[in-house]
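Colleague: As input, take run_15.cif (mmCIF, C-alpha atoms):
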```
data_structure
#
loop_
_atom_site.group_PDB
_atom_site.id
_atom_site.type_symbol
_atom_site.label_atom_id
_atom_site.label_comp_id
_atom_site.auth_asym_id
_atom_site.auth_seq_id
_atom_site.Cartn_x
_atom_site.Cartn_y
_atom_site.Cartn_z
ATOM 1 C CA MET H 1 14.917 -6.496 -18.010
ATOM 2 C CA SER H 2 12.853 -4.410 -20.454
ATOM 3 C CA SER H 3 10.358 -5.841 -22.877
ATOM 4 C CA ASP H 4 10.774 -4.874 -26.566
ATOM 5 C CA ASP H 5 7.476 -2.943 -26.410
ATOM 6 C CA PRO H 6 8.178 0.798 -25.924
ATOM 7 C CA VAL H 7 4.611 1.573 -24.766
ATOM 8 C CA LEU H 8 4.761 -1.142 -22.117
ATOM 9 C CA ASN H 9 8.279 -0.095 -21.036
ATOM 10 C CA SER H 10 7.223 3.519 -20.535
ATOM 11 C CA LEU H 11 4.173 2.529 -18.475
ATOM 12 C CA ARG H 12 6.291 0.143 -16.396
ATOM 13 C CA ASP H 13 8.830 2.905 -15.699
ATOM 14 C CA SER H 14 5.998 5.013 -14.264
ATOM 15 C CA ILE H 15 4.802 2.090 -12.132
ATOM 16 C CA ASP H 16 8.355 1.607 -10.829
ATOM 17 C CA ASN H 17 8.569 5.304 -9.884
ATOM 18 C CA LEU H 18 5.252 5.161 -8.036
ATOM 19 C CA ASP H 19 6.249 1.930 -6.260
ATOM 20 C CA ALA H 20 9.409 3.617 -4.983
ATOM 21 C CA ALA H 21 7.235 6.461 -3.651
ATOM 22 C CA LEU H 22 4.874 3.928 -2.007
ATOM 23 C CA ILE H 23 7.778 2.153 -0.298
ATOM 24 C CA HIS H 24 9.165 5.399 1.107
ATOM 25 C CA ILE H 25 5.784 6.585 2.364
ATOM 26 C CA LEU H 26 5.148 3.175 3.949
ATOM 27 C CA ALA H 27 8.595 3.336 5.598
ATOM 28 C CA GLU H 28 7.741 6.742 7.086
ATOM 29 C CA ARG H 29 4.288 5.476 8.145
ATOM 30 C CA PHE H 30 5.911 2.530 9.959
ATOM 31 C CA LYS H 31 8.346 4.850 11.734
ATOM 32 C CA ILE H 32 5.345 6.750 13.088
ATOM 33 C CA THR H 33 3.265 3.704 13.969
ATOM 34 C CA GLN H 34 6.287 2.386 15.874
ATOM 35 C CA GLN H 35 6.196 5.610 17.907
ATOM 36 C CA VAL H 36 2.453 5.096 18.435
ATOM 37 C CA GLY H 37 3.132 1.521 19.571
ATOM 38 C CA ALA H 38 5.868 2.603 21.987
ATOM 39 C CA HIS H 39 3.653 5.390 23.364
ATOM 40 C CA LYS H 40 0.649 3.089 23.807
ATOM 41 C CA ALA H 41 2.780 0.485 25.560
ATOM 42 C CA GLN H 42 4.263 3.185 27.832
ATOM 43 C CA VAL H 43 0.889 4.614 28.908
ATOM 44 C CA GLY H 44 -0.792 1.203 28.978
ATOM 45 C CA MET H 45 -3.215 1.635 26.065
ATOM 46 C CA PRO H 46 -4.254 -1.467 24.075
ATOM 47 C CA ALA H 47 -2.564 -1.979 20.679
ATOM 48 C CA ALA H 48 -5.848 -2.049 18.724
ATOM 49 C CA ASP H 49 -8.414 0.765 18.721
ATOM 50 C CA ARG H 50 -11.556 -0.215 16.821
ATOM 51 C CA THR H 51 -13.040 3.307 16.920
ATOM 52 C CA ARG H 52 -9.937 4.858 15.384
ATOM 53 C CA GLU H 53 -9.787 2.045 12.834
ATOM 54 C CA SER H 54 -13.408 2.601 11.740
ATOM 55 C CA GLU H 55 -12.776 6.324 11.398
ATOM 56 C CA GLN H 56 -9.654 5.686 9.307
ATOM 57 C CA ILE H 57 -11.536 3.326 6.997
ATOM 58 C CA ALA H 58 -14.418 5.783 6.528
ATOM 59 C CA ARG H 59 -11.969 8.602 5.781
ATOM 60 C CA LEU H 60 -9.913 6.528 3.348
ATOM 61 C CA ARG H 61 -13.051 5.402 1.524
ATOM 62 C CA ARG H 62 -13.939 9.079 0.994
ATOM 63 C CA LEU H 63 -10.417 9.912 -0.189
ATOM 64 C CA ALA H 64 -10.389 6.863 -2.479
ATOM 65 C CA SER H 65 -13.749 7.845 -3.929
ATOM 66 C CA ASP H 66 -12.483 11.393 -4.628
ATOM 67 C CA ALA H 67 -9.379 9.935 -6.310
ATOM 68 C CA ASN H 68 -11.428 7.418 -8.374
ATOM 69 C CA LEU H 69 -9.701 4.537 -6.619
ATOM 70 C CA ASP H 70 -11.746 1.416 -5.947
ATOM 71 C CA GLU H 71 -13.085 1.952 -2.414
ATOM 72 C CA GLU H 72 -13.171 -1.740 -1.595
ATOM 73 C CA PHE H 73 -9.520 -2.093 -2.614
ATOM 74 C CA SER H 74 -8.466 0.899 -0.480
ATOM 75 C CA GLU H 75 -10.306 -0.564 2.515
ATOM 76 C CA LYS H 76 -8.680 -3.980 2.007
ATOM 77 C CA ILE H 77 -5.207 -2.482 1.747
ATOM 78 C CA LEU H 78 -5.698 -0.335 4.861
ATOM 79 C CA LYS H 79 -6.845 -3.398 6.814
ATOM 80 C CA PHE H 80 -3.793 -5.293 5.587
ATOM 81 C CA ILE H 81 -1.433 -2.477 6.659
ATOM 82 C CA SER H 82 -3.278 -2.057 9.979
ATOM 83 C CA SER H 83 -3.056 -5.744 10.816
ATOM 84 C CA GLU H 84 0.719 -5.556 10.300
ATOM 85 C CA VAL H 85 0.878 -2.450 12.503
ATOM 86 C CA ILE H 86 -1.136 -4.112 15.278
ATOM 87 C CA ARG H 87 1.196 -7.113 15.184
ATOM 88 C CA HIS H 88 4.143 -4.716 15.577
ATOM 89 C CA HIS H 89 2.420 -2.919 18.500
ATOM 90 C CA GLU H 90 1.725 -6.205 20.245
ATOM 91 C CA ARG H 91 5.365 -7.190 19.893
ATOM 92 C CA ILE H 92 6.435 -3.802 21.354
ATOM 93 C CA ALA H 93 3.947 -4.173 24.252
ATOM 94 C CA GLU H 94 5.183 -7.706 24.980
ATOM 95 C CA GLY H 95 8.731 -6.382 25.159
ATOM 96 C CA GLN H 96 7.884 -3.841 27.905
ATOM 97 C CA MET Z 1 -12.716 12.005 16.823
ATOM 98 C CA SER Z 2 -9.472 12.870 18.628
ATOM 99 C CA SER Z 3 -8.218 11.130 21.729
ATOM 100 C CA ASP Z 4 -7.382 13.372 24.732
ATOM 101 C CA ASP Z 5 -3.708 12.418 24.372
ATOM 102 C CA PRO Z 6 -1.822 15.173 22.470
ATOM 103 C CA VAL Z 7 1.152 12.922 21.654
ATOM 104 C CA LEU Z 8 -1.132 10.292 20.148
ATOM 105 C CA ASN Z 9 -3.168 12.915 18.270
ATOM 106 C CA SER Z 10 -0.073 14.429 16.682
ATOM 107 C CA LEU Z 11 1.215 11.022 15.573
ATOM 108 C CA ARG Z 12 -2.216 10.108 14.192
ATOM 109 C CA ASP Z 13 -2.353 13.355 12.206
ATOM 110 C CA SER Z 14 0.921 12.355 10.526
ATOM 111 C CA ILE Z 15 -0.440 8.876 9.768
ATOM 112 C CA ASP Z 16 -3.559 10.447 8.231
ATOM 113 C CA ASN Z 17 -1.400 12.688 6.018
ATOM 114 C CA LEU Z 18 0.676 9.735 4.836
ATOM 115 C CA ASP Z 19 -2.448 7.631 4.203
ATOM 116 C CA ALA Z 20 -3.836 10.389 1.971
ATOM 117 C CA ALA Z 21 -0.536 10.351 0.052
ATOM 118 C CA LEU Z 22 -0.718 6.532 -0.241
ATOM 119 C CA ILE Z 23 -4.275 6.671 -1.605
ATOM 120 C CA HIS Z 24 -3.346 9.229 -4.244
ATOM 121 C CA ILE Z 25 -0.250 7.322 -5.345
ATOM 122 C CA LEU Z 26 -2.264 4.093 -5.516
ATOM 123 C CA ALA Z 27 -4.916 5.894 -7.581
ATOM 124 C CA GLU Z 28 -2.251 7.054 -10.041
ATOM 125 C CA ARG Z 29 -0.710 3.552 -10.087
ATOM 126 C CA PHE Z 30 -4.098 2.031 -10.948
ATOM 127 C CA LYS Z 31 -4.604 4.549 -13.742
ATOM 128 C CA ILE Z 32 -1.336 3.333 -15.245
ATOM 129 C CA THR Z 33 -1.952 -0.378 -14.692
ATOM 130 C CA GLN Z 34 -5.312 0.071 -16.405
ATOM 131 C CA GLN Z 35 -3.418 1.420 -19.420
ATOM 132 C CA VAL Z 36 -1.072 -1.586 -19.188
ATOM 133 C CA GLY Z 37 -4.106 -3.891 -19.048
ATOM 134 C CA ALA Z 38 -5.741 -2.244 -22.059
ATOM 135 C CA HIS Z 39 -2.463 -2.356 -24.007
ATOM 136 C CA LYS Z 40 -1.847 -6.028 -23.166
ATOM 137 C CA ALA Z 41 -5.395 -6.945 -24.164
ATOM 138 C CA GLN Z 42 -5.011 -4.997 -27.427
ATOM 139 C CA VAL Z 43 -1.735 -6.670 -28.439
ATOM 140 C CA GLY Z 44 -2.775 -10.068 -27.049
ATOM 141 C CA MET Z 45 -0.276 -10.351 -24.176
ATOM 142 C CA PRO Z 46 -1.285 -12.377 -21.094
ATOM 143 C CA ALA Z 47 -2.361 -10.372 -17.999
ATOM 144 C CA ALA Z 48 0.291 -11.887 -15.708
ATOM 145 C CA ASP Z 49 4.047 -11.732 -16.349
ATOM 146 C CA ARG Z 50 5.993 -13.776 -13.808
ATOM 147 C CA THR Z 51 9.399 -12.476 -14.955
ATOM 148 C CA ARG Z 52 8.356 -8.836 -14.532
ATOM 149 C CA GLU Z 53 6.751 -9.686 -11.175
ATOM 150 C CA SER Z 54 9.938 -11.336 -9.870
ATOM 151 C CA GLU Z 55 11.998 -8.325 -10.971
ATOM 152 C CA GLN Z 56 9.575 -5.940 -9.247
ATOM 153 C CA ILE Z 57 9.719 -7.924 -6.015
ATOM 154 C CA ALA Z 58 13.529 -8.041 -6.045
ATOM 155 C CA ARG Z 59 13.707 -4.290 -6.711
ATOM 156 C CA LEU Z 60 11.174 -3.439 -4.003
ATOM 157 C CA ARG Z 61 13.004 -5.600 -1.474
ATOM 158 C CA ARG Z 62 16.159 -3.577 -2.180
ATOM 159 C CA LEU Z 63 14.269 -0.260 -1.868
ATOM 160 C CA ALA Z 64 12.566 -1.444 1.313
ATOM 161 C CA SER Z 65 15.876 -2.506 2.779
ATOM 162 C CA ASP Z 66 17.393 0.927 1.994
ATOM 163 C CA ALA Z 67 14.375 2.608 3.626
ATOM 164 C CA ASN Z 68 14.518 0.333 6.717
ATOM 165 C CA LEU Z 69 11.097 -1.070 5.877
ATOM 166 C CA ASP Z 70 10.438 -4.712 6.663
ATOM 167 C CA GLU Z 71 11.291 -6.496 3.384
ATOM 168 C CA GLU Z 72 8.808 -9.291 3.930
ATOM 169 C CA PHE Z 73 6.017 -6.756 4.495
ATOM 170 C CA SER Z 74 6.903 -4.840 1.311
ATOM 171 C CA GLU Z 75 6.870 -8.082 -0.669
ATOM 172 C CA LYS Z 76 3.493 -9.090 0.788
ATOM 173 C CA ILE Z 77 1.950 -5.713 0.001
ATOM 174 C CA LEU Z 78 3.287 -5.720 -3.570
ATOM 175 C CA LYS Z 79 1.839 -9.198 -4.118
ATOM 176 C CA PHE Z 80 -1.496 -8.002 -2.743
ATOM 177 C CA ILE Z 81 -1.527 -4.963 -5.071
ATOM 178 C CA SER Z 82 -0.359 -7.079 -8.021
ATOM 179 C CA SER Z 83 -3.092 -9.673 -7.501
ATOM 180 C CA GLU Z 84 -5.667 -6.860 -7.639
ATOM 181 C CA VAL Z 85 -4.043 -5.484 -10.797
ATOM 182 C CA ILE Z 86 -4.048 -8.913 -12.476
ATOM 183 C CA ARG Z 87 -7.747 -9.291 -11.646
ATOM 184 C CA HIS Z 88 -8.363 -5.900 -13.302
ATOM 185 C CA HIS Z 89 -6.326 -6.906 -16.373
ATOM 186 C CA GLU Z 90 -8.247 -10.152 -16.728
ATOM 187 C CA ARG Z 91 -11.519 -8.242 -16.573
ATOM 188 C CA ILE Z 92 -10.270 -5.832 -19.278
ATOM 189 C CA ALA Z 93 -9.097 -8.757 -21.458
ATOM 190 C CA GLU Z 94 -12.471 -10.510 -21.067
ATOM 191 C CA GLY Z 95 -14.211 -7.322 -22.184
ATOM 192 C CA GLN Z 96 -12.312 -7.196 -25.529
#
```
Please rewrite the model in this file as structure tokens.

Modeller:
Amino acid sequence: MSSDDPVLNSLRDSIDNLDAALIHILAERFKITQQVGAHKAQVGMPAADRTRESEQIARLRRLASDANLDEEFSEKILKFISSEVIRHHERIAEGQ
Amino acid sequence: MSSDDPVLNSLRDSIDNLDAALIHILAERFKITQQVGAHKAQVGMPAADRTRESEQIARLRRLASDANLDEEFSEKILKFISSEVIRHHERIAEGQ
């Protein structure tokens, strides 16, 4: 349902386009983290890797800063995604 | 720092590429939601819009389902992003 405000409708259309892009990138990211999880379970590596996680957060904070995105927000969202990924990995490892 | 596992390194490189894409899309999304926030504050609309939010969640669940992404995860992440956006809008409205 559209509002009767053309400015708001146009901005919301752009948000909807970007959200579709986010969903598809997240879907591809999960496909890859599932491969990581399966590989780790196969070779007996633990699901979580704190060193890798710290490096990812530092890198994303730099990228977020370059893109003028709130660094704290980008770190929170990465931690949220990572915690989901680790839960998936643990489930894969338990299934081995 | 790379691991000494070439399979893992290759998968992690792909994750890093996708994370950079996510950050840039989120940065663009925030640029637009800031415009929404400014517009809402200017015309005196409330920051939150439950109808719009429900429609977004329903749409994203469909997109996530088509992309084989966990629907519950996509809903959780949208709510997380939306709560950040609403906080931003409220700050913009307070500043008027």

Colleague: Expressed in Å to a single decimal, how great is the separation between CA of Leu26 (chain H) and CA of Thr33 (chain Z)?

Modeller: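 Separation between CA of Leu26 (chain H) and CA of Thr33 (chain Z): 20.3 Å.
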
Colleague: Starting from chain Z, keep only residues with some atom at most 9 Å from an atom of chain H, counting all atoms listed in the file, and report them as a PyMOL selection string.

Modeller: chain Z and resi 1-2+7-8+11-12+14-16+18-33+35-36+39-40+51-52+55-56+59-60+63-64+67-70+73-74+77-78+80-81+84

Colleague: Please give the centre and size of the box around region 61-80 of chain Z (axis-aligned, containing every atom listed in the file, 4 Å added per side), with values in Å to one decimal and written as lines of an AutoDock Vina configuration file.

Modeller:
```
center_x = 7.9
center_y = -3.3
center_z = 1.3
size_x = 26.9
size_y = 19.9
size_z = 18.8
```

Colleague: Between CA of Val85 (chain H) and CA of Arg87 (chain Z), what is the distance, to one decimal in Å?

Modeller: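 Spanning CA of Val85 (chain H) to CA of Arg87 (chain Z) is a straight-line distance of 26.5 Å.
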
Colleague: What would you get as a short mmCIF file (atom, residue, chain, number, x, y, z; two decimals) with C-alpha atoms, in the frame of the given file if chain H were moved onto chain Z by least squares over all of its C-alpha atoms in order?

Modeller:
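Now in superposed-v4.cif:
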```cif
data_model
loop_
_atom_site.label_atom_id
_atom_site.label_comp_id
_atom_site.auth_asym_id
_atom_site.auth_seq_id
_atom_site.Cartn_x
_atom_site.Cartn_y
_atom_site.Cartn_z
CA MET H 1 -12.72 12.00 16.83
CA SER H 2 -9.47 12.88 18.64
CA SER H 3 -8.24 11.15 21.74
CA ASP H 4 -7.38 13.38 24.74
CA ASP H 5 -3.69 12.42 24.38
CA PRO H 6 -1.81 15.18 22.50
CA VAL H 7 1.17 12.92 21.66
CA LEU H 8 -1.11 10.28 20.16
CA ASN H 9 -3.17 12.91 18.29
CA SER H 10 -0.07 14.42 16.69
CA LEU H 11 1.23 11.02 15.57
CA ARG H 12 -2.21 10.10 14.20
CA ASP H 13 -2.35 13.36 12.21
CA SER H 14 0.93 12.36 10.54
CA ILE H 15 -0.43 8.88 9.78
CA ASP H 16 -3.55 10.45 8.24
CA ASN H 17 -1.40 12.69 6.02
CA LEU H 18 0.69 9.75 4.84
CA ASP H 19 -2.43 7.64 4.21
CA ALA H 20 -3.83 10.39 1.98
CA ALA H 21 -0.54 10.35 0.04
CA LEU H 22 -0.71 6.54 -0.24
CA ILE H 23 -4.26 6.68 -1.59
CA HIS H 24 -3.34 9.23 -4.25
CA ILE H 25 -0.24 7.33 -5.35
CA LEU H 26 -2.25 4.10 -5.51
CA ALA H 27 -4.92 5.90 -7.58
CA GLU H 28 -2.25 7.05 -10.04
CA ARG H 29 -0.69 3.55 -10.08
CA PHE H 30 -4.10 2.03 -10.94
CA LYS H 31 -4.61 4.54 -13.75
CA ILE H 32 -1.33 3.33 -15.25
CA THR H 33 -1.94 -0.37 -14.68
CA GLN H 34 -5.31 0.08 -16.40
CA GLN H 35 -3.40 1.42 -19.41
CA VAL H 36 -1.06 -1.58 -19.19
CA GLY H 37 -4.08 -3.89 -19.06
CA ALA H 38 -5.73 -2.23 -22.06
CA HIS H 39 -2.45 -2.35 -24.01
CA LYS H 40 -1.82 -6.01 -23.18
CA ALA H 41 -5.36 -6.94 -24.17
CA GLN H 42 -4.99 -4.99 -27.44
CA VAL H 43 -1.71 -6.66 -28.47
CA GLY H 44 -2.74 -10.05 -27.08
CA MET H 45 -0.26 -10.33 -24.20
CA PRO H 46 -1.26 -12.36 -21.11
CA ALA H 47 -2.36 -10.37 -18.03
CA ALA H 48 0.29 -11.89 -15.73
CA ASP H 49 4.04 -11.73 -16.37
CA ARG H 50 5.98 -13.77 -13.82
CA THR H 51 9.39 -12.46 -14.96
CA ARG H 52 8.35 -8.84 -14.53
CA GLU H 53 6.74 -9.69 -11.19
CA SER H 54 9.93 -11.33 -9.87
CA GLU H 55 11.97 -8.33 -10.97
CA GLN H 56 9.55 -5.94 -9.25
CA ILE H 57 9.70 -7.92 -6.01
CA ALA H 58 13.52 -8.04 -6.05
CA ARG H 59 13.68 -4.29 -6.71
CA LEU H 60 11.14 -3.43 -4.01
CA ARG H 61 12.97 -5.60 -1.48
CA ARG H 62 16.13 -3.57 -2.18
CA LEU H 63 14.26 -0.27 -1.88
CA ALA H 64 12.55 -1.45 1.31
CA SER H 65 15.88 -2.51 2.78
CA ASP H 66 17.39 0.92 1.98
CA ALA H 67 14.38 2.61 3.61
CA ASN H 68 14.52 0.33 6.71
CA LEU H 69 11.09 -1.06 5.87
CA ASP H 70 10.44 -4.71 6.65
CA GLU H 71 11.28 -6.50 3.39
CA GLU H 72 8.78 -9.28 3.96
CA PHE H 73 6.00 -6.74 4.51
CA SER H 74 6.90 -4.83 1.32
CA GLU H 75 6.86 -8.08 -0.66
CA LYS H 76 3.48 -9.08 0.80
CA ILE H 77 1.95 -5.70 0.01
CA LEU H 78 3.29 -5.72 -3.56
CA LYS H 79 1.83 -9.19 -4.11
CA PHE H 80 -1.50 -7.99 -2.73
CA ILE H 81 -1.53 -4.95 -5.06
CA SER H 82 -0.36 -7.08 -8.02
CA SER H 83 -3.08 -9.66 -7.51
CA GLU H 84 -5.67 -6.86 -7.63
CA VAL H 85 -4.04 -5.49 -10.80
CA ILE H 86 -4.05 -8.90 -12.48
CA ARG H 87 -7.74 -9.31 -11.65
CA HIS H 88 -8.38 -5.92 -13.29
CA HIS H 89 -6.34 -6.91 -16.39
CA GLU H 90 -8.25 -10.16 -16.73
CA ARG H 91 -11.53 -8.28 -16.57
CA ILE H 92 -10.29 -5.86 -19.28
CA ALA H 93 -9.11 -8.78 -21.47
CA GLU H 94 -12.46 -10.56 -21.05
CA GLY H 95 -14.23 -7.40 -22.19
CA GLN H 96 -12.31 -7.26 -25.52
#
```

Colleague: Residues at most 12 Å from Gly44 (chain Z), counting all atoms listed in the file, excluding those fewer than 2 positions away in the same chain, as a VMD selection string?

Modeller: chain Z and resid 36 to 42 46 to 48 89 to 90 92 to 94 96

Colleague: What's the separation between CA of Pro6 (chain Z) and CA of Ile57 (chain H), in Å to one decimal place?

Modeller: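 Separation of CA of Pro6 (chain Z) and CA of Ile57 (chain H): 21.8 Å.
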
Colleague: Could you add whatever atoms are missing so that region 64-75 of chain H carries all heavy atoms, then write the result as a PDB file, in the coordinates of the input?

Modeller:
```pdb
ATOM      1  N   ALA H  64     -10.497   7.758  -1.331  1.00  0.00           N
ATOM      2  CA  ALA H  64     -10.389   6.863  -2.479  1.00  0.00           C
ATOM      3  C   ALA H  64     -11.457   7.208  -3.511  1.00  0.00           C
ATOM      4  O   ALA H  64     -11.194   7.248  -4.716  1.00  0.00           O
ATOM      5  CB  ALA H  64     -10.527   5.415  -2.029  1.00  0.00           C
ATOM      6  N   SER H  65     -12.658   7.484  -3.026  1.00  0.00           N
ATOM      7  CA  SER H  65     -13.749   7.845  -3.929  1.00  0.00           C
ATOM      8  C   SER H  65     -13.404   9.128  -4.688  1.00  0.00           C
ATOM      9  O   SER H  65     -13.579   9.210  -5.911  1.00  0.00           O
ATOM     10  CB  SER H  65     -15.026   8.006  -3.101  1.00  0.00           C
ATOM     11  OG  SER H  65     -16.011   8.640  -3.873  1.00  0.00           O
ATOM     12  N   ASP H  66     -12.877  10.132  -3.976  1.00  0.00           N
ATOM     13  CA  ASP H  66     -12.483  11.393  -4.628  1.00  0.00           C
ATOM     14  C   ASP H  66     -11.391  11.160  -5.673  1.00  0.00           C
ATOM     15  O   ASP H  66     -11.310  11.878  -6.667  1.00  0.00           O
ATOM     16  CB  ASP H  66     -11.963  12.407  -3.591  1.00  0.00           C
ATOM     17  CG  ASP H  66     -13.082  12.925  -2.698  1.00  0.00           C
ATOM     18  OD1 ASP H  66     -14.261  12.717  -3.047  1.00  0.00           O
ATOM     19  OD2 ASP H  66     -12.778  13.529  -1.662  1.00  0.00           O
ATOM     20  N   ALA H  67     -10.517  10.186  -5.409  1.00  0.00           N
ATOM     21  CA  ALA H  67      -9.379   9.935  -6.310  1.00  0.00           C
ATOM     22  C   ALA H  67      -9.715   8.877  -7.371  1.00  0.00           C
ATOM     23  O   ALA H  67      -8.828   8.417  -8.092  1.00  0.00           O
ATOM     24  CB  ALA H  67      -8.164   9.491  -5.500  1.00  0.00           C
ATOM     25  N   ASN H  68     -11.005   8.464  -7.436  1.00  0.00           N
ATOM     26  CA  ASN H  68     -11.428   7.418  -8.374  1.00  0.00           C
ATOM     27  C   ASN H  68     -10.683   6.102  -8.176  1.00  0.00           C
ATOM     28  O   ASN H  68     -10.419   5.370  -9.130  1.00  0.00           O
ATOM     29  CB  ASN H  68     -11.265   7.870  -9.836  1.00  0.00           C
ATOM     30  CG  ASN H  68     -12.310   8.889 -10.216  1.00  0.00           C
ATOM     31  OD1 ASN H  68     -13.464   8.767  -9.821  1.00  0.00           O
ATOM     32  ND2 ASN H  68     -11.899   9.915 -10.934  1.00  0.00           N
ATOM     33  N   LEU H  69     -10.323   5.827  -6.935  1.00  0.00           N
ATOM     34  CA  LEU H  69      -9.701   4.537  -6.619  1.00  0.00           C
ATOM     35  C   LEU H  69     -10.802   3.632  -6.065  1.00  0.00           C
ATOM     36  O   LEU H  69     -11.676   4.085  -5.324  1.00  0.00           O
ATOM     37  CB  LEU H  69      -8.600   4.722  -5.566  1.00  0.00           C
ATOM     38  CG  LEU H  69      -7.837   3.471  -5.125  1.00  0.00           C
ATOM     39  CD1 LEU H  69      -7.001   2.903  -6.268  1.00  0.00           C
ATOM     40  CD2 LEU H  69      -6.914   3.803  -3.946  1.00  0.00           C
ATOM     41  N   ASP H  70     -10.757   2.368  -6.436  1.00  0.00           N
ATOM     42  CA  ASP H  70     -11.746   1.416  -5.947  1.00  0.00           C
ATOM     43  C   ASP H  70     -11.793   1.447  -4.415  1.00  0.00           C
ATOM     44  O   ASP H  70     -10.791   1.214  -3.750  1.00  0.00           O
ATOM     45  CB  ASP H  70     -11.350   0.022  -6.451  1.00  0.00           C
ATOM     46  CG  ASP H  70     -12.377  -1.026  -6.128  1.00  0.00           C
ATOM     47  OD1 ASP H  70     -13.298  -1.214  -6.933  1.00  0.00           O
ATOM     48  OD2 ASP H  70     -12.269  -1.650  -5.065  1.00  0.00           O
ATOM     49  N   GLU H  71     -12.975   1.767  -3.868  1.00  0.00           N
ATOM     50  CA  GLU H  71     -13.085   1.952  -2.414  1.00  0.00           C
ATOM     51  C   GLU H  71     -12.858   0.652  -1.658  1.00  0.00           C
ATOM     52  O   GLU H  71     -12.277   0.638  -0.576  1.00  0.00           O
ATOM     53  CB  GLU H  71     -14.468   2.517  -2.050  1.00  0.00           C
ATOM     54  CG  GLU H  71     -14.675   3.936  -2.545  1.00  0.00           C
ATOM     55  CD  GLU H  71     -16.071   4.459  -2.287  1.00  0.00           C
ATOM     56  OE1 GLU H  71     -16.620   4.188  -1.199  1.00  0.00           O
ATOM     57  OE2 GLU H  71     -16.632   5.133  -3.169  1.00  0.00           O
ATOM     58  N   GLU H  72     -13.338  -0.439  -2.253  1.00  0.00           N
ATOM     59  CA  GLU H  72     -13.171  -1.740  -1.595  1.00  0.00           C
ATOM     60  C   GLU H  72     -11.682  -2.097  -1.519  1.00  0.00           C
ATOM     61  O   GLU H  72     -11.196  -2.577  -0.498  1.00  0.00           O
ATOM     62  CB  GLU H  72     -13.928  -2.800  -2.395  1.00  0.00           C
ATOM     63  CG  GLU H  72     -14.275  -4.030  -1.593  1.00  0.00           C
ATOM     64  CD  GLU H  72     -14.948  -5.070  -2.492  1.00  0.00           C
ATOM     65  OE1 GLU H  72     -15.825  -4.679  -3.294  1.00  0.00           O
ATOM     66  OE2 GLU H  72     -14.567  -6.239  -2.404  1.00  0.00           O
ATOM     67  N   PHE H  73     -10.961  -1.822  -2.608  1.00  0.00           N
ATOM     68  CA  PHE H  73      -9.520  -2.093  -2.614  1.00  0.00           C
ATOM     69  C   PHE H  73      -8.806  -1.262  -1.550  1.00  0.00           C
ATOM     70  O   PHE H  73      -7.966  -1.767  -0.808  1.00  0.00           O
ATOM     71  CB  PHE H  73      -8.922  -1.794  -3.994  1.00  0.00           C
ATOM     72  CG  PHE H  73      -7.418  -1.834  -4.006  1.00  0.00           C
ATOM     73  CD1 PHE H  73      -6.744  -3.041  -3.935  1.00  0.00           C
ATOM     74  CD2 PHE H  73      -6.682  -0.660  -4.043  1.00  0.00           C
ATOM     75  CE1 PHE H  73      -5.363  -3.080  -3.922  1.00  0.00           C
ATOM     76  CE2 PHE H  73      -5.298  -0.689  -4.023  1.00  0.00           C
ATOM     77  CZ  PHE H  73      -4.641  -1.904  -3.962  1.00  0.00           C
ATOM     78  N   SER H  74      -9.150   0.034  -1.455  1.00  0.00           N
ATOM     79  CA  SER H  74      -8.466   0.899  -0.480  1.00  0.00           C
ATOM     80  C   SER H  74      -8.754   0.427   0.945  1.00  0.00           C
ATOM     81  O   SER H  74      -7.896   0.492   1.816  1.00  0.00           O
ATOM     82  CB  SER H  74      -8.855   2.363  -0.671  1.00  0.00           C
ATOM     83  OG  SER H  74     -10.179   2.580  -0.274  1.00  0.00           O
ATOM     84  N   GLU H  75      -9.988  -0.061   1.181  1.00  0.00           N
ATOM     85  CA  GLU H  75     -10.306  -0.564   2.515  1.00  0.00           C
ATOM     86  C   GLU H  75      -9.521  -1.846   2.814  1.00  0.00           C
ATOM     87  O   GLU H  75      -8.967  -2.016   3.903  1.00  0.00           O
ATOM     88  CB  GLU H  75     -11.813  -0.827   2.631  1.00  0.00           C
ATOM     89  CG  GLU H  75     -12.195  -1.359   3.994  1.00  0.00           C
ATOM     90  CD  GLU H  75     -13.695  -1.469   4.206  1.00  0.00           C
ATOM     91  OE1 GLU H  75     -14.444  -0.750   3.517  1.00  0.00           O
ATOM     92  OE2 GLU H  75     -14.095  -2.262   5.075  1.00  0.00           O
TER      93      GLU H  75
END
```
